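Please read the structure below before turning to the comments.
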Amino acid sequence: MRTIFERPKTLINKPFTYCPGCHHGLAQRLIAEVIDELDIAGKTIGVGPVGCSVYIYEFFDLDFVMGAHGRAPAVATGIKRSLPDRIVFSYQGDGDIAAIGTAEIVHCANRGELITSFFINNAVFGMTGGQMAPTTLPGQKTTTSPLGRNTEVQGFPFKLGEMLARAEGSAYIARVALTNPRLIGQAKRCIKKAFLTQIEKKGFALVEILSPCPTNWGMTPPEAVQWVEEKMIPYFPLGEIKVKEDSSHAS
Amino acid sequence: MERILMKGNEALAEAAIQAGCRFYFGYPITPQTEISEYLSRRLPEVGGVFLQAESEIAAINMVYGAASTGVRVMTSSSGPGISLKQEGISYLASAELPCVIVNMSRGGPGLGNIQPAQSDYFQATRGGGHGDYRTLVLAPSSVQELVSLTHRAFYLADKYRNPVKILGDGMLGQMMEPVTWEAVELPSLPPKNWAIKGKNEGERKFILCMELDPRELENFNRKLERKYQQMAEEDSAWEIFGEEDNPDLLLVGFGTVARILKSVVREGKKEGWRLSLIRPITLFPFPYNEVQEMAQKAGKVLVVEMNLGQMVEDVKLGVEGKAPVHFYGRVGGMIPTVDEILQKIADILRGEGRK
């Protein structure tokens, strides 16, 4: 008998603890598949966030460091500078990376830090129960924007990927979604490129992953997938935002 | 033995390199910037990494990342910058990561000024950030001691897997004194089997700073408590200067103030006073027992600080009411003079000193 589908070796044999319809599990599975395919598990170190995926270390058969809210890019910098031959990736949500940790991610990208960053954008603070995030869409209701986000009062959804793409040090920036098999395939290719960008020392790499949060959006999982496709993707267009081909990172 | 004239901040930076520190993350702030400047030149020469961070917050979290891999790592700052680092220091204590944090403190609160002060004593000795934790705090009093205590700081950080603070001030950082550079012998330490390096063929390892189960978190806090007790038993340090056995009055001061108090002890002798000085070298753990013992011998205590009265609370805890404890402080970057302190002592010995 031939095995055509199995659990990635880099994932521990333990069920994910995310809510039904959340895409954290899908995203983490894709990261694990890529780590398997690149055969880098032994030298890869993950840096976790504060938020729904604070327990990410429990699911990966990797060395992991848990840092403070928003500080993962600085923690990852400290690790990578100490162990430059290891592969270091960080995994953060929108509150973590685009609110409290904005300074850390911008400067990490601008230094061209040789790390790979994954950014789960679900337009809401998940762990604390559905408050407005920097990526909450105009008009979107949350527990701290109960009348819907009013851009005159609360400003605009933050397009972090586009912003980081402007930094000289960033080498690869992409935005993906996981709402259908075609997009999942594209996402996996982007995740692989983001790791290869680090391995080939091209510079900083980030993949923004649009993800549904049915629990805090007050939707069923299918409705939430539809909302990503109909509401989020038009505001946060998918694709490779920046691809730097040369490896002229080292000065 | 080679003796060279060095600025305090530069001597500390060189001592860090000699102690095996190869990683430094910092952000400029007066009066400690020479530490960064010196290490930006020296670390690349020895194959190390100097990185100027975008903020104190980023710097301390870079320290956290580097410390996770088991390397010797340092950051330095002054008052306002140390305040920004407090979140990270709490996480370092929680994750049991060794590192050295230097505070060349200045006048506060707020932006304050860049003159020497000791007003960060509470912040340094009470943990400083959120949660129930402590850091070891070493208080050098000379440029030579900036060197020896920097070596000791890295040793203690590794021994306890805990952040260690060096609490100096603008005067110690900026002054020049001769330094003797000699080999430093410290006990050997166990290998850092906990360090994160990528699992290779081994078991995965974590550096964590969270425990949601209150019973488990209580167990962890108790573990930290035992560590702090061990610090008190094995690593508290102090110096006694002047009259040891039958003093008229005990002086207590640390760092810069202790230098002035040594002059006070000498000048007091000319007045016919038998004065004794106890200088805590570790502010945490604080030498409570030794302070009480000396206070009982003297019967009267005068604490001098460059703040409104912070260490005096620890002195009172140590003395336990067994002798009156007087206080004299200058603040805002003002440095107490020998004459001012002699006047205060004269008042106390005449029975006029207010407690």
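Letters A, B, ... mark the chains of the structure tokens in the order given; residue numbers begin at 1 per chain; ligand numbers begin at 1, in order shown.
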
Residue list (alpha helix (DSSP H), DSSP) for stretch 3-244 of chain A, as number ranges by chain: A: 24-38, 72-82, 94-95, 102-110, 151-154, 160-165, 181-199, 214-217, 221-227, 233-235

Any chance you can output those residues with C-alpha atoms as an mmCIF file, in the first residue's frame?
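For reference, selection.cif as written:
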```cif
data_model
loop_
_atom_site.group_PDB
_atom_site.id
_atom_site.type_symbol
_atom_site.label_atom_id
_atom_site.label_comp_id
_atom_site.auth_asym_id
_atom_site.auth_seq_id
_atom_site.Cartn_x
_atom_site.Cartn_y
_atom_site.Cartn_z
ATOM 1 C CA HIS A 24 -4.409 28.488 12.576
ATOM 2 C CA GLY A 25 -4.298 24.701 12.286
ATOM 3 C CA LEU A 26 -4.186 24.780 8.477
ATOM 4 C CA ALA A 27 -1.456 27.423 8.453
ATOM 5 C CA GLN A 28 0.636 25.529 10.992
ATOM 6 C CA ARG A 29 0.249 22.292 9.067
ATOM 7 C CA LEU A 30 1.531 23.996 5.906
ATOM 8 C CA ILE A 31 4.536 25.402 7.792
ATOM 9 C CA ALA A 32 5.268 21.903 9.133
ATOM 10 C CA GLU A 33 4.986 20.374 5.648
ATOM 11 C CA VAL A 34 7.466 22.895 4.267
ATOM 12 C CA ILE A 35 9.899 22.299 7.147
ATOM 13 C CA ASP A 36 9.685 18.552 6.360
ATOM 14 C CA GLU A 37 10.219 19.103 2.634
ATOM 15 C CA LEU A 38 13.239 21.360 3.248
ATOM 16 C CA ALA A 72 8.716 38.061 18.610
ATOM 17 C CA PRO A 73 10.746 39.849 15.870
ATOM 18 C CA ALA A 74 13.196 41.167 18.501
ATOM 19 C CA VAL A 75 13.409 37.775 20.210
ATOM 20 C CA ALA A 76 13.963 36.104 16.826
ATOM 21 C CA THR A 77 16.675 38.678 16.061
ATOM 22 C CA GLY A 78 18.488 37.784 19.290
ATOM 23 C CA ILE A 79 18.320 34.088 18.434
ATOM 24 C CA LYS A 80 19.378 34.466 14.808
ATOM 25 C CA ARG A 81 22.286 36.776 15.667
ATOM 26 C CA SER A 82 23.503 34.232 18.242
ATOM 27 C CA ASP A 94 -2.585 40.850 13.917
ATOM 28 C CA GLY A 95 -2.732 42.414 17.382
ATOM 29 C CA THR A 102 4.672 47.381 15.046
ATOM 30 C CA ALA A 103 8.034 48.929 15.874
ATOM 31 C CA GLU A 104 9.710 45.545 16.291
ATOM 32 C CA ILE A 105 8.478 44.086 12.973
ATOM 33 C CA VAL A 106 9.205 47.267 10.962
ATOM 34 C CA HIS A 107 12.793 47.496 12.200
ATOM 35 C CA CYS A 108 13.326 43.748 11.909
ATOM 36 C CA ALA A 109 12.280 43.939 8.252
ATOM 37 C CA ASN A 110 14.291 47.079 7.628
ATOM 38 C CA THR A 151 -12.410 55.165 10.068
ATOM 39 C CA GLU A 152 -12.911 58.810 11.063
ATOM 40 C CA VAL A 153 -12.559 57.799 14.710
ATOM 41 C CA GLN A 154 -10.556 54.604 14.669
ATOM 42 C CA LEU A 160 1.339 45.643 7.078
ATOM 43 C CA GLY A 161 2.590 43.582 4.132
ATOM 44 C CA GLU A 162 2.586 46.567 1.764
ATOM 45 C CA MET A 163 4.292 48.691 4.419
ATOM 46 C CA LEU A 164 7.064 46.153 5.041
ATOM 47 C CA ALA A 165 7.573 45.712 1.318
ATOM 48 C CA PRO A 181 -7.531 24.074 -2.233
ATOM 49 C CA ARG A 182 -6.091 26.274 -4.990
ATOM 50 C CA LEU A 183 -5.276 29.047 -2.512
ATOM 51 C CA ILE A 184 -3.879 26.510 -0.041
ATOM 52 C CA GLY A 185 -1.476 25.290 -2.739
ATOM 53 C CA GLN A 186 -0.422 28.870 -3.483
ATOM 54 C CA ALA A 187 0.028 29.569 0.211
ATOM 55 C CA LYS A 188 2.297 26.579 0.641
ATOM 56 C CA ARG A 189 4.472 27.726 -2.239
ATOM 57 C CA CYS A 190 4.744 31.181 -0.638
ATOM 58 C CA ILE A 191 5.631 29.681 2.748
ATOM 59 C CA LYS A 192 8.365 27.643 1.089
ATOM 60 C CA LYS A 193 9.721 30.713 -0.705
ATOM 61 C CA ALA A 194 9.747 32.595 2.589
ATOM 62 C CA PHE A 195 11.914 29.915 4.179
ATOM 63 C CA LEU A 196 14.153 29.746 1.090
ATOM 64 C CA THR A 197 14.605 33.524 1.249
ATOM 65 C CA GLN A 198 16.156 33.018 4.673
ATOM 66 C CA ILE A 199 18.176 29.954 3.668
ATOM 67 C CA PRO A 214 -15.913 32.297 13.239
ATOM 68 C CA THR A 215 -16.090 32.449 17.047
ATOM 69 C CA ASN A 216 -15.448 36.182 17.321
ATOM 70 C CA TRP A 217 -17.093 37.097 14.038
ATOM 71 C CA PRO A 221 -17.229 28.266 9.643
ATOM 72 C CA PRO A 222 -18.613 28.295 6.053
ATOM 73 C CA GLU A 223 -19.957 31.850 6.521
ATOM 74 C CA ALA A 224 -16.567 32.918 7.867
ATOM 75 C CA VAL A 225 -14.734 31.456 4.864
ATOM 76 C CA GLN A 226 -17.142 33.345 2.604
ATOM 77 C CA TRP A 227 -16.491 36.569 4.589
ATOM 78 C CA ILE A 233 -9.498 39.707 0.158
ATOM 79 C CA PRO A 234 -10.767 42.852 -1.640
ATOM 80 C CA TYR A 235 -9.200 45.011 1.090
#
```

Exercise: A:Asn122 partners within 12 Å, only C-alpha atoms, chain neighbours under 3 positions left out, as an NGL selection string: :A and (21-24 or 51-52 or 92-96 or 98 or 119 or 125-127 or 130-137 or 140 or 157 or 177-178 or 208-217 or 224-225 or 227-228 or 231-233 or 236)

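Separating atom CA of B:Leu156 from atom CA of B:Arg134 is a distance of 13.3 Å.
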
Interface list for chain B, partner chain A, 9 Å threshold, only C-alpha atoms, as a PyMOL selection string: chain B and resi 22-23+25+48-49+53-55+57-71+87-88+91+95+196-210

Please produce an output containing C-alpha atoms for each residue in the selection, written as an mmCIF file, in the first residue's frame.
```cif
data_model
loop_
_atom_site.group_PDB
_atom_site.id
_atom_site.type_symbol
_atom_site.label_atom_id
_atom_site.label_comp_id
_atom_site.auth_asym_id
_atom_site.auth_seq_id
_atom_site.Cartn_x
_atom_site.Cartn_y
_atom_site.Cartn_z
ATOM 1 C CA ARG B 22 29.908 38.335 22.930
ATOM 2 C CA PHE B 23 26.421 39.779 22.438
ATOM 3 C CA PHE B 25 21.907 44.916 22.373
ATOM 4 C CA GLY B 48 30.888 39.146 18.775
ATOM 5 C CA VAL B 49 27.683 40.943 17.848
ATOM 6 C CA ALA B 53 18.121 48.322 18.655
ATOM 7 C CA GLU B 54 15.194 50.554 17.671
ATOM 8 C CA SER B 55 14.159 50.889 21.321
ATOM 9 C CA ILE B 57 11.990 47.366 24.480
ATOM 10 C CA ALA B 58 13.458 45.741 21.390
ATOM 11 C CA ALA B 59 16.932 45.625 22.971
ATOM 12 C CA ILE B 60 15.799 43.698 26.040
ATOM 13 C CA ASN B 61 13.819 41.279 23.873
ATOM 14 C CA MET B 62 16.877 40.705 21.680
ATOM 15 C CA VAL B 63 18.692 39.928 24.941
ATOM 16 C CA TYR B 64 15.874 37.464 25.700
ATOM 17 C CA GLY B 65 16.337 35.744 22.339
ATOM 18 C CA ALA B 66 20.119 35.561 22.613
ATOM 19 C CA ALA B 67 19.967 34.370 26.232
ATOM 20 C CA SER B 68 17.622 31.572 25.087
ATOM 21 C CA THR B 69 20.500 30.137 23.073
ATOM 22 C CA GLY B 70 22.782 30.031 26.114
ATOM 23 C CA VAL B 71 25.246 32.785 25.161
ATOM 24 C CA GLU B 87 8.482 44.182 30.732
ATOM 25 C CA GLY B 88 11.321 42.216 29.216
ATOM 26 C CA TYR B 91 9.826 37.807 31.099
ATOM 27 C CA ALA B 95 11.800 32.194 31.514
ATOM 28 C CA ILE B 196 17.697 26.393 22.586
ATOM 29 C CA LYS B 197 19.860 25.489 19.602
ATOM 30 C CA GLY B 198 17.529 23.579 17.285
ATOM 31 C CA LYS B 199 16.755 20.034 18.365
ATOM 32 C CA ASN B 200 18.909 18.166 15.807
ATOM 33 C CA GLU B 201 18.476 14.495 16.690
ATOM 34 C CA GLY B 202 17.548 15.245 20.310
ATOM 35 C CA GLU B 203 14.380 16.103 22.190
ATOM 36 C CA ARG B 204 12.715 19.437 21.494
ATOM 37 C CA LYS B 205 13.199 22.127 24.132
ATOM 38 C CA PHE B 206 11.163 25.187 25.054
ATOM 39 C CA ILE B 207 11.793 28.539 26.682
ATOM 40 C CA LEU B 208 8.428 29.489 28.173
ATOM 41 C CA CYS B 209 7.097 32.351 30.272
ATOM 42 C CA MET B 210 3.491 31.267 30.874
#
```

Near stretch 203-205 of chain A, within 8 Å and counting only C-alpha atoms, which residues show up once chain neighbours fewer than 6 positions away are dropped, as a PDB file with N, CA and C atoms, in the first residue's frame?
```
ATOM      1  N   CYS A 108      12.800  45.079  12.249  1.00  0.00           N
ATOM      2  CA  CYS A 108      13.326  43.748  11.909  1.00  0.00           C
ATOM      3  C   CYS A 108      13.390  43.606  10.389  1.00  0.00           C
ATOM      4  N   ALA A 109      12.316  44.005   9.716  1.00  0.00           N
ATOM      5  CA  ALA A 109      12.280  43.939   8.252  1.00  0.00           C
ATOM      6  C   ALA A 109      13.305  44.885   7.651  1.00  0.00           C
ATOM      7  N   ASN A 110      13.393  46.081   8.201  1.00  0.00           N
ATOM      8  CA  ASN A 110      14.291  47.079   7.628  1.00  0.00           C
ATOM      9  C   ASN A 110      15.763  46.722   7.811  1.00  0.00           C
ATOM     10  N   ARG A 111      16.069  45.997   8.895  1.00  0.00           N
ATOM     11  CA  ARG A 111      17.454  45.515   9.072  1.00  0.00           C
ATOM     12  C   ARG A 111      17.755  44.370   8.115  1.00  0.00           C
ATOM     13  N   GLY A 112      16.711  43.848   7.473  1.00  0.00           N
ATOM     14  CA  GLY A 112      16.925  42.679   6.625  1.00  0.00           C
ATOM     15  C   GLY A 112      17.290  41.466   7.449  1.00  0.00           C
ATOM     16  N   GLU A 113      16.716  41.405   8.620  1.00  0.00           N
ATOM     17  CA  GLU A 113      17.006  40.292   9.533  1.00  0.00           C
ATOM     18  C   GLU A 113      16.689  38.984   8.811  1.00  0.00           C
ATOM     19  N   LEU A 114      17.570  38.030   8.918  1.00  0.00           N
ATOM     20  CA  LEU A 114      17.380  36.779   8.174  1.00  0.00           C
ATOM     21  C   LEU A 114      16.480  35.828   8.953  1.00  0.00           C
ATOM     22  N   ILE A 115      15.232  36.261   9.094  1.00  0.00           N
ATOM     23  CA  ILE A 115      14.227  35.399   9.721  1.00  0.00           C
ATOM     24  C   ILE A 115      13.002  35.341   8.811  1.00  0.00           C
ATOM     25  N   THR A 116      12.140  34.367   9.078  1.00  0.00           N
ATOM     26  CA  THR A 116      10.901  34.202   8.327  1.00  0.00           C
ATOM     27  C   THR A 116       9.752  34.426   9.293  1.00  0.00           C
ATOM     28  N   SER A 117       8.841  35.324   8.888  1.00  0.00           N
ATOM     29  CA  SER A 117       7.783  35.730   9.796  1.00  0.00           C
ATOM     30  C   SER A 117       6.427  35.343   9.211  1.00  0.00           C
ATOM     31  N   GLY A 169      15.264  46.317   3.565  1.00  0.00           N
ATOM     32  CA  GLY A 169      15.764  45.027   4.054  1.00  0.00           C
ATOM     33  C   GLY A 169      14.862  43.846   3.785  1.00  0.00           C
ATOM     34  N   SER A 170      13.611  44.110   3.414  1.00  0.00           N
ATOM     35  CA  SER A 170      12.721  42.967   3.186  1.00  0.00           C
ATOM     36  C   SER A 170      12.969  42.400   1.798  1.00  0.00           C
ATOM     37  N   ALA A 171      12.958  41.075   1.699  1.00  0.00           N
ATOM     38  CA  ALA A 171      13.261  40.417   0.420  1.00  0.00           C
ATOM     39  C   ALA A 171      12.054  39.674  -0.142  1.00  0.00           C
ATOM     40  N   TYR A 172      11.170  39.237   0.732  1.00  0.00           N
ATOM     41  CA  TYR A 172      10.009  38.491   0.243  1.00  0.00           C
ATOM     42  C   TYR A 172       8.800  38.795   1.122  1.00  0.00           C
ATOM     43  N   ILE A 173       7.746  39.328   0.512  1.00  0.00           N
ATOM     44  CA  ILE A 173       6.510  39.625   1.240  1.00  0.00           C
ATOM     45  C   ILE A 173       5.345  39.099   0.405  1.00  0.00           C
ATOM     46  N   ALA A 194       9.354  31.764   1.446  1.00  0.00           N
ATOM     47  CA  ALA A 194       9.747  32.595   2.589  1.00  0.00           C
ATOM     48  C   ALA A 194      10.874  31.934   3.381  1.00  0.00           C
ATOM     49  N   PHE A 195      10.808  30.616   3.513  1.00  0.00           N
ATOM     50  CA  PHE A 195      11.914  29.915   4.179  1.00  0.00           C
ATOM     51  C   PHE A 195      13.168  29.943   3.299  1.00  0.00           C
ATOM     52  N   THR A 197      14.034  32.170   1.200  1.00  0.00           N
ATOM     53  CA  THR A 197      14.605  33.524   1.249  1.00  0.00           C
ATOM     54  C   THR A 197      15.602  33.627   2.393  1.00  0.00           C
ATOM     55  N   SER A 247      20.720  38.006  -4.078  1.00  0.00           N
ATOM     56  CA  SER A 247      21.051  37.757  -2.676  1.00  0.00           C
ATOM     57  C   SER A 247      22.130  38.750  -2.247  1.00  0.00           C
ATOM     58  N   HIS A 249      22.044  40.776   0.091  1.00  0.00           N
ATOM     59  CA  HIS A 249      21.736  41.235   1.451  1.00  0.00           C
ATOM     60  C   HIS A 249      22.989  41.646   2.209  1.00  0.00           C
TER      61      HIS A 249
END
```

Pairwise distance for atom CA of B:Ser263 and atom CA of B:Val338, rounded to one decimal in Å: 6.8 Å

DSSP strand (DSSP E) residues within stretch 92-189 of chain A, listed as a ChimeraX atom specification: /A:92-93,116-121,124-125,131-132,170-177

Distance of atom CA of B:Lys262 from atom CA of B:Phe241, expressed in Å to one decimal place: 7.2 Å

Shell of 6 Å around stretch 8-15 of chain B, only C-alpha atoms, local chain residues under 5 positions omitted, as a ChimeraX atom specification: /B:34-35,143,146-147,172-175

Could you save the residues just selected, with C-alpha atoms, as a compact mmCIF listing (two decimals), in the first residue's frame?
```txt
# COMPACT_ATOMS: atom_id res chain seq x y z
CA GLU B 34 30.13 54.92 26.25
CA ILE B 35 29.30 51.28 27.02
CA VAL B 143 35.94 51.67 38.51
CA LEU B 146 32.83 47.89 37.96
CA VAL B 147 35.28 45.40 36.48
CA LEU B 172 30.72 55.88 38.42
CA GLY B 173 30.12 55.55 34.69
CA GLN B 174 31.82 58.83 33.81
CA MET B 175 34.74 58.95 36.28
```

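Near B:Glu233, within 12 Å and counting only C-alpha atoms, sit Arg226, Lys227, Tyr228, Phe284, Pro285, Phe286, Pro287, Tyr288 and Asn289 of chain B, not including residues fewer than 5 positions from it in the same chain.
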
Among listed residues B:Gln343, B:Gln32, B:Asn307, B:Gln229, nearest B:Gly107 (using only C-alpha atoms): B:Asn307

Selection: 9 Å around stretch 278-282 of chain B, only C-alpha atoms, excl. self and same-chain fewer than 3 positions, as an MDAnalysis selection string: chainID B and resid 136:141 235:242 250:255 258 285:287 290:291 294

Applying 10 Å and only C-alpha atoms, which residues near B:Tyr160 remain after dropping the ones on its own chain fewer than 3 positions away? List them as a PDB file with C-alpha atoms, in the first residue's frame.
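See part.pdb below for the written result:
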```
ATOM      1  CA  GLU B  96      14.814  31.831  33.863  1.00  0.00           C
ATOM      2  CA  LEU B  97      17.199  33.329  31.356  1.00  0.00           C
ATOM      3  CA  PRO B  98      20.608  34.616  32.455  1.00  0.00           C
ATOM      4  CA  THR B 135      16.905  40.166  40.060  1.00  0.00           C
ATOM      5  CA  LEU B 136      20.307  40.052  41.708  1.00  0.00           C
ATOM      6  CA  TYR B 155      28.804  34.242  36.787  1.00  0.00           C
ATOM      7  CA  LEU B 156      25.786  34.803  39.051  1.00  0.00           C
ATOM      8  CA  ALA B 157      23.405  35.129  36.083  1.00  0.00           C
ATOM      9  CA  PRO B 163      18.884  38.364  35.223  1.00  0.00           C
ATOM     10  CA  VAL B 164      21.531  40.299  37.167  1.00  0.00           C
ATOM     11  CA  LEU B 224      11.843  31.155  42.259  1.00  0.00           C
ATOM     12  CA  LYS B 227      16.323  30.485  44.277  1.00  0.00           C
ATOM     13  CA  TYR B 228      16.127  33.889  45.985  1.00  0.00           C
ATOM     14  CA  GLN B 230      19.763  30.498  47.974  1.00  0.00           C
ATOM     15  CA  MET B 231      21.053  33.846  46.677  1.00  0.00           C
TER      16      MET B 231
END
```
